[in-house]
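Containing mmCIF, C-alpha atoms: work.cif.
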data_start
loop_
_atom_site.label_atom_id
_atom_site.label_comp_id
_atom_site.auth_asym_id
_atom_site.auth_seq_id
_atom_site.Cartn_x
_atom_site.Cartn_y
_atom_site.Cartn_z
CA GLU A 23 40.47 -93.56 -64.26
CA VAL A 24 39.24 -95.09 -67.50
CA ALA A 25 36.10 -97.19 -67.00
CA PRO A 26 35.59 -100.57 -68.72
CA PRO A 27 33.90 -100.54 -72.13
CA GLN A 28 30.12 -100.89 -72.12
CA ALA A 29 27.96 -102.52 -74.83
CA MET A 30 29.36 -101.96 -78.35
CA GLU A 31 32.44 -100.19 -76.96
CA VAL A 32 36.15 -101.04 -76.86
CA ARG A 33 38.93 -99.88 -74.57
CA VAL A 34 42.16 -99.21 -76.44
CA LYS A 35 45.72 -98.79 -75.20
CA ILE A 36 47.06 -95.87 -77.25
CA LEU A 37 50.71 -96.33 -78.28
CA PHE A 38 51.18 -93.38 -80.64
CA THR A 39 49.13 -90.27 -81.30
CA SER A 40 49.74 -87.11 -83.27
CA LEU A 41 48.54 -83.54 -83.16
CA CYS A 42 46.14 -82.22 -85.78
CA HIS A 43 44.91 -78.63 -86.29
CA THR A 44 41.43 -79.68 -85.15
CA ASP A 45 42.78 -80.44 -81.66
CA VAL A 46 44.38 -76.98 -81.49
CA TYR A 47 41.21 -75.30 -82.78
CA PHE A 48 39.07 -76.79 -80.01
CA TRP A 49 41.80 -76.43 -77.39
CA GLU A 50 41.75 -72.69 -78.15
CA ALA A 51 37.94 -72.91 -77.63
CA LYS A 52 37.23 -71.66 -81.14
CA GLY A 53 34.82 -74.58 -81.56
CA GLN A 54 31.08 -74.07 -81.21
CA THR A 55 30.61 -75.29 -77.62
CA PRO A 56 33.70 -75.20 -75.39
CA MET A 57 33.66 -78.05 -72.87
CA PHE A 58 35.94 -78.48 -69.85
CA PRO A 59 37.72 -80.55 -68.70
CA ARG A 60 38.20 -82.58 -71.85
CA ILE A 61 40.77 -85.00 -73.29
CA PHE A 62 41.71 -84.07 -76.85
CA GLY A 63 43.42 -86.16 -79.53
CA HIS A 64 41.98 -88.07 -82.46
CA GLU A 65 44.83 -89.14 -84.77
CA ALA A 66 46.37 -92.28 -83.26
CA GLY A 67 47.22 -95.96 -83.29
CA GLY A 68 46.81 -98.52 -80.53
CA ILE A 69 45.93 -102.03 -79.40
CA VAL A 70 42.54 -103.23 -78.16
CA GLU A 71 42.75 -103.92 -74.40
CA SER A 72 39.18 -105.12 -73.78
CA VAL A 73 35.80 -105.20 -75.50
CA GLY A 74 32.25 -104.62 -74.27
CA GLU A 75 29.15 -106.71 -74.72
CA GLY A 76 28.07 -107.31 -78.31
CA VAL A 77 31.46 -106.57 -79.87
CA THR A 78 32.30 -109.37 -82.30
CA GLU A 79 34.57 -107.74 -84.92
CA LEU A 80 37.37 -106.84 -82.48
CA ALA A 81 39.26 -108.75 -79.82
CA PRO A 82 41.96 -107.87 -77.25
CA GLY A 83 45.33 -107.61 -79.00
CA ASP A 84 43.97 -106.30 -82.32
CA HIS A 85 45.89 -103.37 -83.83
CA VAL A 86 43.57 -100.45 -84.54
CA LEU A 87 43.27 -96.86 -85.69
CA PRO A 88 40.70 -94.73 -83.82
CA VAL A 89 38.65 -92.49 -86.13
CA PHE A 90 36.82 -89.24 -85.31
CA THR A 91 33.86 -90.35 -87.41
CA GLY A 92 32.29 -93.77 -87.56
CA GLU A 93 30.66 -96.50 -89.59
CA CYS A 94 27.74 -98.35 -87.99
CA LYS A 95 27.27 -100.42 -91.18
CA GLU A 96 23.47 -100.31 -90.73
CA CYS A 97 22.22 -96.81 -91.64
CA PRO A 98 21.34 -95.59 -95.17
CA HIS A 99 24.68 -93.71 -95.41
CA CYS A 100 26.70 -96.78 -94.45
CA LYS A 101 24.73 -98.96 -96.87
CA SER A 102 25.30 -96.47 -99.70
CA ALA A 103 28.40 -96.96 -101.81
CA GLU A 104 28.51 -93.18 -102.27
CA SER A 105 28.61 -91.95 -98.67
CA ASN A 106 30.71 -92.24 -95.52
CA MET A 107 28.55 -89.93 -93.39
CA CYS A 108 27.15 -92.44 -90.89
CA ASP A 109 23.86 -91.32 -89.27
CA LEU A 110 24.78 -92.77 -85.87
CA LEU A 111 28.50 -92.03 -85.59
CA ARG A 112 29.16 -89.02 -87.82
CA ILE A 113 31.62 -86.58 -86.22
CA ASN A 114 30.09 -84.65 -83.31
CA THR A 115 32.36 -82.02 -81.76
CA ASP A 116 29.84 -80.99 -79.09
CA ARG A 117 29.18 -84.39 -77.53
CA GLY A 118 31.56 -85.12 -74.67
CA VAL A 119 30.02 -88.41 -73.57
CA MET A 120 29.49 -91.92 -74.93
CA ILE A 121 26.56 -92.39 -77.28
CA GLY A 122 25.26 -95.53 -75.48
CA ASP A 123 24.44 -94.14 -72.03
CA GLY A 124 25.30 -90.44 -72.22
CA LYS A 125 28.12 -90.81 -69.68
CA SER A 126 31.89 -90.31 -69.81
CA ARG A 127 34.33 -93.20 -69.34
CA PHE A 128 37.00 -90.85 -67.94
CA SER A 129 37.01 -89.54 -64.37
CA ILE A 130 39.20 -88.12 -61.60
CA ASP A 131 37.94 -88.66 -58.05
CA GLY A 132 34.53 -89.54 -59.45
CA LYS A 133 34.20 -86.30 -61.45
CA PRO A 134 33.76 -86.79 -65.20
CA ILE A 135 36.31 -85.69 -67.80
CA TYR A 136 34.72 -85.27 -71.21
CA HIS A 137 35.49 -87.08 -74.46
CA PHE A 138 36.43 -85.38 -77.74
CA VAL A 139 35.04 -86.50 -81.15
CA GLY A 140 34.57 -89.99 -79.72
CA THR A 141 38.32 -90.71 -79.58
CA SER A 142 40.28 -88.76 -76.89
CA THR A 143 43.65 -90.24 -77.80
CA PHE A 144 45.80 -87.97 -75.57
CA SER A 145 45.39 -90.65 -72.92
CA GLU A 146 47.17 -93.95 -72.35
CA TYR A 147 43.77 -95.69 -72.49
CA THR A 148 40.59 -94.54 -74.14
CA VAL A 149 37.10 -95.96 -74.72
CA MET A 150 35.41 -95.73 -78.12
CA HIS A 151 32.32 -96.97 -79.89
CA VAL A 152 33.27 -100.06 -81.93
CA GLY A 153 32.11 -98.27 -85.09
CA CYS A 154 34.88 -95.66 -84.71
CA VAL A 155 37.71 -98.20 -84.62
CA ALA A 156 39.39 -99.57 -87.75
CA LYS A 157 41.16 -102.93 -87.41
CA ILE A 158 44.40 -102.94 -89.40
CA ASN A 159 47.25 -105.23 -90.40
CA PRO A 160 49.25 -106.03 -87.20
CA GLU A 161 52.48 -105.88 -89.26
CA ALA A 162 51.93 -102.16 -89.98
CA PRO A 163 54.11 -99.91 -87.75
CA LEU A 164 51.69 -97.96 -85.55
CA ASP A 165 54.20 -95.10 -85.12
CA LYS A 166 53.84 -94.44 -88.87
CA VAL A 167 50.29 -95.42 -89.85
CA CYS A 168 48.71 -93.57 -86.91
CA VAL A 169 48.78 -90.41 -89.08
CA LEU A 170 46.39 -92.12 -91.53
CA SER A 171 43.45 -91.89 -89.12
CA CYS A 172 42.66 -88.25 -89.97
CA GLY A 173 44.40 -85.58 -92.06
CA ILE A 174 46.50 -87.66 -94.43
CA SER A 175 43.57 -89.87 -95.46
CA THR A 176 41.36 -86.78 -95.84
CA GLY A 177 43.70 -85.20 -98.40
CA LEU A 178 44.62 -88.47 -100.10
CA GLY A 179 40.96 -89.46 -100.52
CA ALA A 180 39.96 -86.01 -101.78
CA SER A 181 42.30 -86.65 -104.72
CA ILE A 182 41.96 -90.37 -105.45
CA ASN A 183 38.29 -90.88 -104.46
CA VAL A 184 36.69 -87.56 -105.37
CA ALA A 185 38.76 -85.47 -107.81
CA LYS A 186 40.02 -88.63 -109.58
CA PRO A 187 42.58 -86.90 -111.83
CA PRO A 188 43.18 -88.81 -115.07
CA LYS A 189 46.75 -89.86 -115.89
CA GLY A 190 48.69 -86.97 -117.36
CA SER A 191 46.28 -84.33 -116.03
CA THR A 192 46.99 -81.00 -114.36
CA VAL A 193 45.99 -80.53 -110.70
CA ALA A 194 46.06 -77.43 -108.49
CA ILE A 195 46.31 -77.88 -104.71
CA PHE A 196 45.23 -74.90 -102.60
CA GLY A 197 46.97 -74.93 -99.20
CA LEU A 198 50.14 -76.94 -98.56
CA GLY A 199 49.60 -78.00 -94.94
CA ALA A 200 49.37 -81.70 -94.05
CA VAL A 201 46.01 -82.21 -95.81
CA GLY A 202 47.10 -80.34 -98.95
CA LEU A 203 50.37 -82.29 -99.14
CA ALA A 204 48.36 -85.51 -98.83
CA ALA A 205 46.13 -84.30 -101.68
CA ALA A 206 49.26 -83.68 -103.76
CA GLU A 207 50.48 -87.18 -102.88
CA GLY A 208 47.12 -88.53 -104.06
CA ALA A 209 47.43 -86.64 -107.36
CA ARG A 210 50.96 -88.03 -107.76
CA ILE A 211 49.73 -91.59 -107.13
CA ALA A 212 46.92 -91.06 -109.67
CA GLY A 213 49.49 -90.09 -112.30
CA ALA A 214 48.93 -86.33 -112.70
CA SER A 215 51.72 -84.79 -114.80
CA ARG A 216 51.56 -81.25 -113.37
CA ILE A 217 50.72 -80.57 -109.72
CA ILE A 218 50.60 -76.86 -108.94
CA GLY A 219 50.81 -75.90 -105.26
CA VAL A 220 49.08 -72.65 -104.28
CA ASP A 221 50.01 -71.13 -100.91
CA LEU A 222 50.67 -67.73 -99.36
CA ASN A 223 53.67 -69.19 -97.50
CA ALA A 224 56.55 -69.67 -99.97
CA SER A 225 58.61 -71.51 -97.33
CA ARG A 226 56.35 -74.52 -97.87
CA PHE A 227 57.21 -74.90 -101.55
CA GLU A 228 60.48 -76.82 -101.33
CA GLU A 229 59.03 -79.43 -98.94
CA ALA A 230 55.99 -79.84 -101.22
CA ARG A 231 58.20 -81.13 -104.05
CA LYS A 232 58.61 -84.35 -102.05
CA PHE A 233 54.84 -84.87 -102.37
CA GLY A 234 54.70 -84.48 -106.14
CA CYS A 235 54.24 -80.71 -106.57
CA THR A 236 55.95 -79.64 -109.80
CA GLU A 237 55.38 -75.87 -109.66
CA PHE A 238 54.01 -73.20 -107.35
CA VAL A 239 51.94 -70.05 -107.23
CA ASN A 240 52.04 -67.55 -104.37
CA PRO A 241 48.99 -65.27 -104.78
CA LYS A 242 51.01 -62.44 -103.14
CA ASP A 243 53.35 -62.43 -106.18
CA HIS A 244 50.55 -61.56 -108.61
CA THR A 245 48.26 -58.60 -109.21
CA LYS A 246 45.81 -60.75 -111.21
CA PRO A 247 43.32 -63.10 -109.50
CA VAL A 248 44.84 -66.53 -108.85
CA GLN A 249 42.27 -68.27 -111.04
CA GLN A 250 43.42 -66.11 -113.97
CA VAL A 251 47.10 -66.84 -113.26
CA LEU A 252 46.37 -70.60 -113.23
CA ALA A 253 44.26 -70.40 -116.40
CA GLU A 254 47.14 -68.68 -118.22
CA MET A 255 49.62 -71.29 -116.97
CA THR A 256 47.47 -74.20 -118.12
CA ASN A 257 45.91 -73.14 -121.41
CA GLY A 258 42.47 -72.37 -120.01
CA GLY A 259 42.42 -73.96 -116.58
CA VAL A 260 43.50 -76.98 -114.56
CA ASP A 261 41.77 -80.34 -114.98
CA ARG A 262 41.27 -80.79 -111.23
CA SER A 263 41.68 -78.64 -108.12
CA VAL A 264 41.61 -79.57 -104.43
CA GLU A 265 41.05 -76.84 -101.84
CA CYS A 266 42.54 -77.52 -98.39
CA THR A 267 42.54 -74.14 -96.61
CA GLY A 268 38.97 -73.50 -95.45
CA ASN A 269 39.26 -69.93 -96.73
CA VAL A 270 36.13 -69.19 -98.73
CA ASN A 271 38.02 -67.01 -101.22
CA ALA A 272 40.42 -69.88 -101.90
CA MET A 273 37.37 -72.11 -102.41
CA ILE A 274 35.98 -69.76 -105.05
CA GLN A 275 39.39 -69.51 -106.73
CA ALA A 276 39.75 -73.32 -106.70
CA PHE A 277 36.41 -73.65 -108.49
CA GLU A 278 36.92 -70.85 -110.98
CA CYS A 279 40.41 -72.05 -111.98
CA VAL A 280 39.26 -75.40 -113.40
CA HIS A 281 38.87 -75.83 -117.15
CA ASP A 282 35.44 -75.48 -118.69
CA GLY A 283 33.97 -78.64 -120.19
CA TRP A 284 35.57 -81.12 -117.78
CA GLY A 285 37.14 -79.36 -114.79
CA VAL A 286 36.35 -80.65 -111.29
CA ALA A 287 37.02 -78.74 -108.06
CA VAL A 288 36.91 -80.48 -104.67
CA LEU A 289 36.44 -78.60 -101.38
CA VAL A 290 38.10 -80.13 -98.30
CA GLY A 291 38.76 -77.20 -95.94
CA VAL A 292 36.14 -76.27 -93.32
CA PRO A 293 35.01 -72.64 -93.74
CA HIS A 294 33.99 -70.07 -91.16
CA LYS A 295 30.38 -70.71 -90.10
CA ASP A 296 29.20 -67.41 -91.65
CA ALA A 297 31.13 -67.78 -94.93
CA GLU A 298 29.23 -67.68 -98.22
CA PHE A 299 30.42 -69.13 -101.52
CA LYS A 300 29.65 -66.80 -104.44
CA THR A 301 30.32 -67.47 -108.12
CA HIS A 302 28.53 -66.81 -111.40
CA PRO A 303 26.11 -69.59 -112.43
CA MET A 304 27.70 -69.57 -115.92
CA ASN A 305 30.73 -71.24 -114.34
CA PHE A 306 28.52 -74.29 -113.79
CA LEU A 307 26.67 -74.02 -117.11
CA ASN A 308 30.07 -74.09 -118.85
CA GLU A 309 30.45 -77.62 -117.46
CA ARG A 310 32.63 -77.10 -114.42
CA THR A 311 31.87 -79.38 -111.46
CA LEU A 312 32.10 -78.46 -107.77
CA LYS A 313 32.24 -81.23 -105.15
CA GLY A 314 32.69 -81.45 -101.42
CA THR A 315 34.22 -84.25 -99.39
CA PHE A 316 34.33 -85.44 -95.80
CA PHE A 317 37.28 -87.58 -94.63
CA GLY A 318 38.25 -88.14 -98.26
CA ASN A 319 35.07 -90.21 -98.83
CA PHE A 320 36.70 -93.13 -96.98
CA LYS A 321 34.42 -95.33 -94.87
CA PRO A 322 36.45 -95.69 -91.63
CA ARG A 323 36.15 -99.41 -90.92
CA THR A 324 35.81 -100.61 -94.51
CA ASP A 325 38.40 -98.44 -96.27
CA LEU A 326 41.12 -97.42 -93.77
CA PRO A 327 42.62 -100.93 -93.62
CA ASN A 328 43.10 -100.66 -97.40
CA VAL A 329 44.88 -97.30 -97.04
CA VAL A 330 47.25 -98.96 -94.56
CA GLU A 331 47.85 -101.69 -97.17
CA MET A 332 48.72 -98.99 -99.74
CA TYR A 333 51.49 -97.99 -97.32
CA MET A 334 52.57 -101.59 -96.79
CA ARG A 335 52.83 -102.06 -100.58
CA LYS A 336 54.97 -98.88 -100.73
CA GLU A 337 52.44 -97.12 -102.98
CA LEU A 338 51.83 -94.44 -100.34
CA GLU A 339 54.77 -92.84 -98.54
CA VAL A 340 53.87 -91.94 -94.95
CA GLU A 341 57.30 -91.26 -93.42
CA LYS A 342 57.73 -87.94 -95.22
CA PHE A 343 54.67 -86.55 -93.39
CA ILE A 344 56.31 -87.23 -90.00
CA THR A 345 58.77 -84.47 -89.16
CA HIS A 346 58.98 -84.59 -85.34
CA SER A 347 58.56 -87.02 -82.45
CA VAL A 348 58.21 -86.35 -78.71
CA PRO A 349 57.35 -88.41 -75.62
CA PHE A 350 53.88 -87.91 -74.12
CA SER A 351 55.37 -85.95 -71.21
CA GLU A 352 56.45 -83.30 -73.76
CA ILE A 353 53.17 -83.08 -75.69
CA ASN A 354 53.17 -79.28 -75.30
CA LYS A 355 56.20 -79.19 -77.61
CA ALA A 356 53.93 -80.56 -80.34
CA PHE A 357 51.51 -77.67 -79.74
CA ASP A 358 54.43 -75.20 -79.89
CA LEU A 359 55.65 -76.65 -83.20
CA MET A 360 52.19 -76.36 -84.71
CA ALA A 361 51.77 -72.80 -83.43
CA LYS A 362 55.04 -71.87 -85.17
CA GLY A 363 54.00 -73.70 -88.33
CA GLU A 364 57.04 -75.97 -88.11
CA GLY A 365 56.96 -79.43 -89.65
CA ILE A 366 53.96 -81.43 -90.84
CA ARG A 367 53.12 -84.06 -88.24
CA CYS A 368 54.60 -84.62 -84.77
CA ILE A 369 54.26 -88.15 -83.39
CA ILE A 370 53.62 -88.35 -79.63
CA ARG A 371 54.95 -91.55 -78.06
CA MET A 372 52.83 -92.68 -75.11
CA GLU A 373 55.73 -94.68 -73.68
CA ASN A 374 59.11 -92.96 -73.47
#

What would the structure in this file look like if it were written as structure tokens?
Amino acid sequence: EVAPPQAMEVRVKILFTSLCHTDVYFWEAKGQTPMFPRIFGHEAGGIVESVGEGVTELAPGDHVLPVFTGECKECPHCKSAESNMCDLLRINTDRGVMIGDGKSRFSIDGKPIYHFVGTSTFSEYTVMHVGCVAKINPEAPLDKVCVLSCGISTGLGASINVAKPPKGSTVAIFGLGAVGLAAAEGARIAGASRIIGVDLNASRFEEARKFGCTEFVNPKDHTKPVQQVLAEMTNGGVDRSVECTGNVNAMIQAFECVHDGWGVAVLVGVPHKDAEFKTHPMNFLNERTLKGTFFGNFKPRTDLPNVVEMYMRKELEVEKFITHSVPFSEINKAFDLMAKGEGIRCIIRMEN
């Protein structure tokens, strides 16, 4: 049973959802606080079914993308042009209840089932805070743009909003999973002339060409440190690098491979909680810049509709990220595909 939305909440009929590594990570209980039973899923597209008291920006029938982080539009972060890290609705992986009353909207026989990152899209209906729902163009196909609500936007934004590669520049992308490929796509859109993919899995290289990668480095093929290999390939270092693995050594390599004087490295991947980033301070004094990003610096409600419009204008290609599709009854196939490392994104159709 999915209860009606309370104040500042909306109930959404999910039409399409997809599986992201974050769902698998918490499903395997590698997250900080395992919670059970819980409905996973956070990358999706749907239609508003009903709205709670105080909701004025959304109405039944609106096409929306649920987002794992929110935008209250009132806090200092939301009012800042430089941040998307809302004080009220920032991602919280430990909270399994609604923020308004501390209760779940899901139940079986009166017993609560917990929420996940405020979205829980592996359900035909879900209830979310209005600040975690982006209203989009109703003409946009939800079976395609649903993938923009998490990983693709994260990688895309890391490139176009944070790294900002100048036209004709050289960019290194560390990790060629969905987020890394989206970062490569962002570098391509920005007009980078060389996009170097770095990955330990050479089977990913051919696919990555579709996303703008022009050449590749497999660290296993070299005895020298990767940052040295890249510096030799690029006459002193790349102009921009985007790290999408979460491996702290890759993070250090991504920083140390950028050119002195103007190089910018952007960290996207989430590291192990005990990881430490170590580099010589001279790397900074020689005018290299290190940045971090969360959700590609996109504000969910303000900016996601514009990302959807990039797709509608054919500036951003989304179809190439979608490699599989299964009905909801076969959702476990999506988990199997991800476990085998097959494909990029699998769309799960709620209605067969």

Spell out the residues picked by the PyMOL selection byres ((chain A and resi 353-370) around 10) here, as number ranges by chain. A: 37-43, 45-46, 65-66, 144, 165-166, 168-169, 173-174, 198-201, 203, 226, 229, 341-352, 371-374

If you measure from CA of Phe196 in chain A to CA of Glu237 in chain A, what distance in Å do you get, rounded to one decimal?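 Taking CA of Phe196 in chain A and CA of Glu237 in chain A, their separation equals 12.4 Å.
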
Which residues are near Pro88 in chain A? Cut-off 8 Å, only C-alpha atoms, ignore same chain within fewer than 3 positions. Put them as a list in words. His64, Glu65, Ala66, Gly67, Gly68, Thr141, Met150, Cys154, Val155, Ala156 and Ser171 of chain A

The PyMOL selection byres ((chain A and resi 86) around 12) - which residues does that actually catch in the file I just gave you? List them as a PDB file with C-alpha atoms, in the coordinates of the input.
ATOM      1  CA  VAL A  32      36.150-101.040 -76.860  1.00  0.00           C
ATOM      2  CA  ARG A  33      38.930 -99.880 -74.570  1.00  0.00           C
ATOM      3  CA  VAL A  34      42.160 -99.210 -76.440  1.00  0.00           C
ATOM      4  CA  LYS A  35      45.720 -98.790 -75.200  1.00  0.00           C
ATOM      5  CA  ILE A  36      47.060 -95.870 -77.250  1.00  0.00           C
ATOM      6  CA  LEU A  37      50.710 -96.330 -78.280  1.00  0.00           C
ATOM      7  CA  PHE A  38      51.180 -93.380 -80.640  1.00  0.00           C
ATOM      8  CA  GLU A  65      44.830 -89.140 -84.770  1.00  0.00           C
ATOM      9  CA  ALA A  66      46.370 -92.280 -83.260  1.00  0.00           C
ATOM     10  CA  GLY A  67      47.220 -95.960 -83.290  1.00  0.00           C
ATOM     11  CA  GLY A  68      46.810 -98.520 -80.530  1.00  0.00           C
ATOM     12  CA  ILE A  69      45.930-102.030 -79.400  1.00  0.00           C
ATOM     13  CA  VAL A  70      42.540-103.230 -78.160  1.00  0.00           C
ATOM     14  CA  GLU A  71      42.750-103.920 -74.400  1.00  0.00           C
ATOM     15  CA  GLU A  79      34.570-107.740 -84.920  1.00  0.00           C
ATOM     16  CA  LEU A  80      37.370-106.840 -82.480  1.00  0.00           C
ATOM     17  CA  ALA A  81      39.260-108.750 -79.820  1.00  0.00           C
ATOM     18  CA  PRO A  82      41.960-107.870 -77.250  1.00  0.00           C
ATOM     19  CA  GLY A  83      45.330-107.610 -79.000  1.00  0.00           C
ATOM     20  CA  ASP A  84      43.970-106.300 -82.320  1.00  0.00           C
ATOM     21  CA  HIS A  85      45.890-103.370 -83.830  1.00  0.00           C
ATOM     22  CA  LEU A  87      43.270 -96.860 -85.690  1.00  0.00           C
ATOM     23  CA  PRO A  88      40.700 -94.730 -83.820  1.00  0.00           C
ATOM     24  CA  VAL A  89      38.650 -92.490 -86.130  1.00  0.00           C
ATOM     25  CA  MET A 150      35.410 -95.730 -78.120  1.00  0.00           C
ATOM     26  CA  VAL A 152      33.270-100.060 -81.930  1.00  0.00           C
ATOM     27  CA  GLY A 153      32.110 -98.270 -85.090  1.00  0.00           C
ATOM     28  CA  CYS A 154      34.880 -95.660 -84.710  1.00  0.00           C
ATOM     29  CA  VAL A 155      37.710 -98.200 -84.620  1.00  0.00           C
ATOM     30  CA  ALA A 156      39.390 -99.570 -87.750  1.00  0.00           C
ATOM     31  CA  LYS A 157      41.160-102.930 -87.410  1.00  0.00           C
ATOM     32  CA  ILE A 158      44.400-102.940 -89.400  1.00  0.00           C
ATOM     33  CA  ASN A 159      47.250-105.230 -90.400  1.00  0.00           C
ATOM     34  CA  PRO A 160      49.250-106.030 -87.200  1.00  0.00           C
ATOM     35  CA  GLU A 161      52.480-105.880 -89.260  1.00  0.00           C
ATOM     36  CA  ALA A 162      51.930-102.160 -89.980  1.00  0.00           C
ATOM     37  CA  PRO A 163      54.110 -99.910 -87.750  1.00  0.00           C
ATOM     38  CA  LEU A 164      51.690 -97.960 -85.550  1.00  0.00           C
ATOM     39  CA  ASP A 165      54.200 -95.100 -85.120  1.00  0.00           C
ATOM     40  CA  VAL A 167      50.290 -95.420 -89.850  1.00  0.00           C
ATOM     41  CA  CYS A 168      48.710 -93.570 -86.910  1.00  0.00           C
ATOM     42  CA  LEU A 170      46.390 -92.120 -91.530  1.00  0.00           C
ATOM     43  CA  SER A 171      43.450 -91.890 -89.120  1.00  0.00           C
ATOM     44  CA  PRO A 322      36.450 -95.690 -91.630  1.00  0.00           C
ATOM     45  CA  ARG A 323      36.150 -99.410 -90.920  1.00  0.00           C
ATOM     46  CA  LEU A 326      41.120 -97.420 -93.770  1.00  0.00           C
ATOM     47  CA  PRO A 327      42.620-100.930 -93.620  1.00  0.00           C
ATOM     48  CA  VAL A 330      47.250 -98.960 -94.560  1.00  0.00           C
TER      49      VAL A 330
END

Closest to Val329 in chain A among A:Val220, A:Gly179, A:His294, A:Val248, using all atoms listed in the file?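 Answer, going by the shortest atom-to-atom distance: A:Gly179.
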
Figure out the distance between CA of Gly283 in chain A and CA of Arg216 in chain A, please, to one decimal in Å.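 Going from CA of Arg216 in chain A over to CA of Gly283 in chain A covers 19.0 Å.
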
Can you list, as a count of residues only, every protein, DNA or RNA residue that comes within 12 Å of Lys133 in chain A when you count all atoms listed in the file, leaving out same-chain residues fewer than 3 positions away? 12

Skipping near chain neighbours, those fewer than 5 positions away, what residues fall within 8 Å of Pro293 in chain A using only C-alpha atoms, listed as an MDAnalysis selection string? chainID A and resid 268:270

N, CA, C and O atoms modelled onto range 350-361 of chain A, as a PDB file, in the frame of the given file:
ATOM      1  N   PHE A 350      55.153 -88.461 -74.587  1.00  0.00           N
ATOM      2  CA  PHE A 350      53.880 -87.910 -74.120  1.00  0.00           C
ATOM      3  C   PHE A 350      54.078 -86.808 -73.072  1.00  0.00           C
ATOM      4  O   PHE A 350      53.331 -85.835 -73.041  1.00  0.00           O
ATOM      5  N   SER A 351      55.113 -86.961 -72.261  1.00  0.00           N
ATOM      6  CA  SER A 351      55.370 -85.950 -71.210  1.00  0.00           C
ATOM      7  C   SER A 351      55.713 -84.579 -71.814  1.00  0.00           C
ATOM      8  O   SER A 351      55.632 -83.556 -71.140  1.00  0.00           O
ATOM      9  N   GLU A 352      56.088 -84.556 -73.104  1.00  0.00           N
ATOM     10  CA  GLU A 352      56.450 -83.300 -73.760  1.00  0.00           C
ATOM     11  C   GLU A 352      55.446 -82.923 -74.858  1.00  0.00           C
ATOM     12  O   GLU A 352      55.794 -82.258 -75.834  1.00  0.00           O
ATOM     13  N   ILE A 353      54.198 -83.335 -74.665  1.00  0.00           N
ATOM     14  CA  ILE A 353      53.170 -83.080 -75.690  1.00  0.00           C
ATOM     15  C   ILE A 353      53.040 -81.596 -76.012  1.00  0.00           C
ATOM     16  O   ILE A 353      52.737 -81.225 -77.150  1.00  0.00           O
ATOM     17  N   ASN A 354      53.312 -80.722 -75.028  1.00  0.00           N
ATOM     18  CA  ASN A 354      53.170 -79.280 -75.300  1.00  0.00           C
ATOM     19  C   ASN A 354      54.144 -78.801 -76.372  1.00  0.00           C
ATOM     20  O   ASN A 354      53.892 -77.804 -77.043  1.00  0.00           O
ATOM     21  N   LYS A 355      55.258 -79.538 -76.535  1.00  0.00           N
ATOM     22  CA  LYS A 355      56.200 -79.190 -77.610  1.00  0.00           C
ATOM     23  C   LYS A 355      55.523 -79.335 -78.974  1.00  0.00           C
ATOM     24  O   LYS A 355      55.787 -78.584 -79.901  1.00  0.00           O
ATOM     25  N   ALA A 356      54.654 -80.350 -79.086  1.00  0.00           N
ATOM     26  CA  ALA A 356      53.930 -80.560 -80.340  1.00  0.00           C
ATOM     27  C   ALA A 356      53.010 -79.372 -80.630  1.00  0.00           C
ATOM     28  O   ALA A 356      52.902 -78.910 -81.771  1.00  0.00           O
ATOM     29  N   PHE A 357      52.364 -78.852 -79.579  1.00  0.00           N
ATOM     30  CA  PHE A 357      51.510 -77.670 -79.740  1.00  0.00           C
ATOM     31  C   PHE A 357      52.351 -76.463 -80.153  1.00  0.00           C
ATOM     32  O   PHE A 357      51.945 -75.677 -81.012  1.00  0.00           O
ATOM     33  N   ASP A 358      53.540 -76.324 -79.550  1.00  0.00           N
ATOM     34  CA  ASP A 358      54.430 -75.200 -79.890  1.00  0.00           C
ATOM     35  C   ASP A 358      54.854 -75.264 -81.350  1.00  0.00           C
ATOM     36  O   ASP A 358      54.870 -74.250 -82.055  1.00  0.00           O
ATOM     37  N   LEU A 359      55.217 -76.476 -81.805  1.00  0.00           N
ATOM     38  CA  LEU A 359      55.650 -76.650 -83.200  1.00  0.00           C
ATOM     39  C   LEU A 359      54.542 -76.261 -84.162  1.00  0.00           C
ATOM     40  O   LEU A 359      54.765 -75.588 -85.163  1.00  0.00           O
ATOM     41  N   MET A 360      53.305 -76.675 -83.825  1.00  0.00           N
ATOM     42  CA  MET A 360      52.190 -76.360 -84.710  1.00  0.00           C
ATOM     43  C   MET A 360      51.889 -74.860 -84.697  1.00  0.00           C
ATOM     44  O   MET A 360      51.608 -74.265 -85.738  1.00  0.00           O
ATOM     45  N   ALA A 361      52.013 -74.248 -83.530  1.00  0.00           N
ATOM     46  CA  ALA A 361      51.770 -72.800 -83.430  1.00  0.00           C
ATOM     47  C   ALA A 361      52.769 -72.021 -84.283  1.00  0.00           C
ATOM     48  O   ALA A 361      52.432 -70.990 -84.870  1.00  0.00           O
TER      49      ALA A 361
END
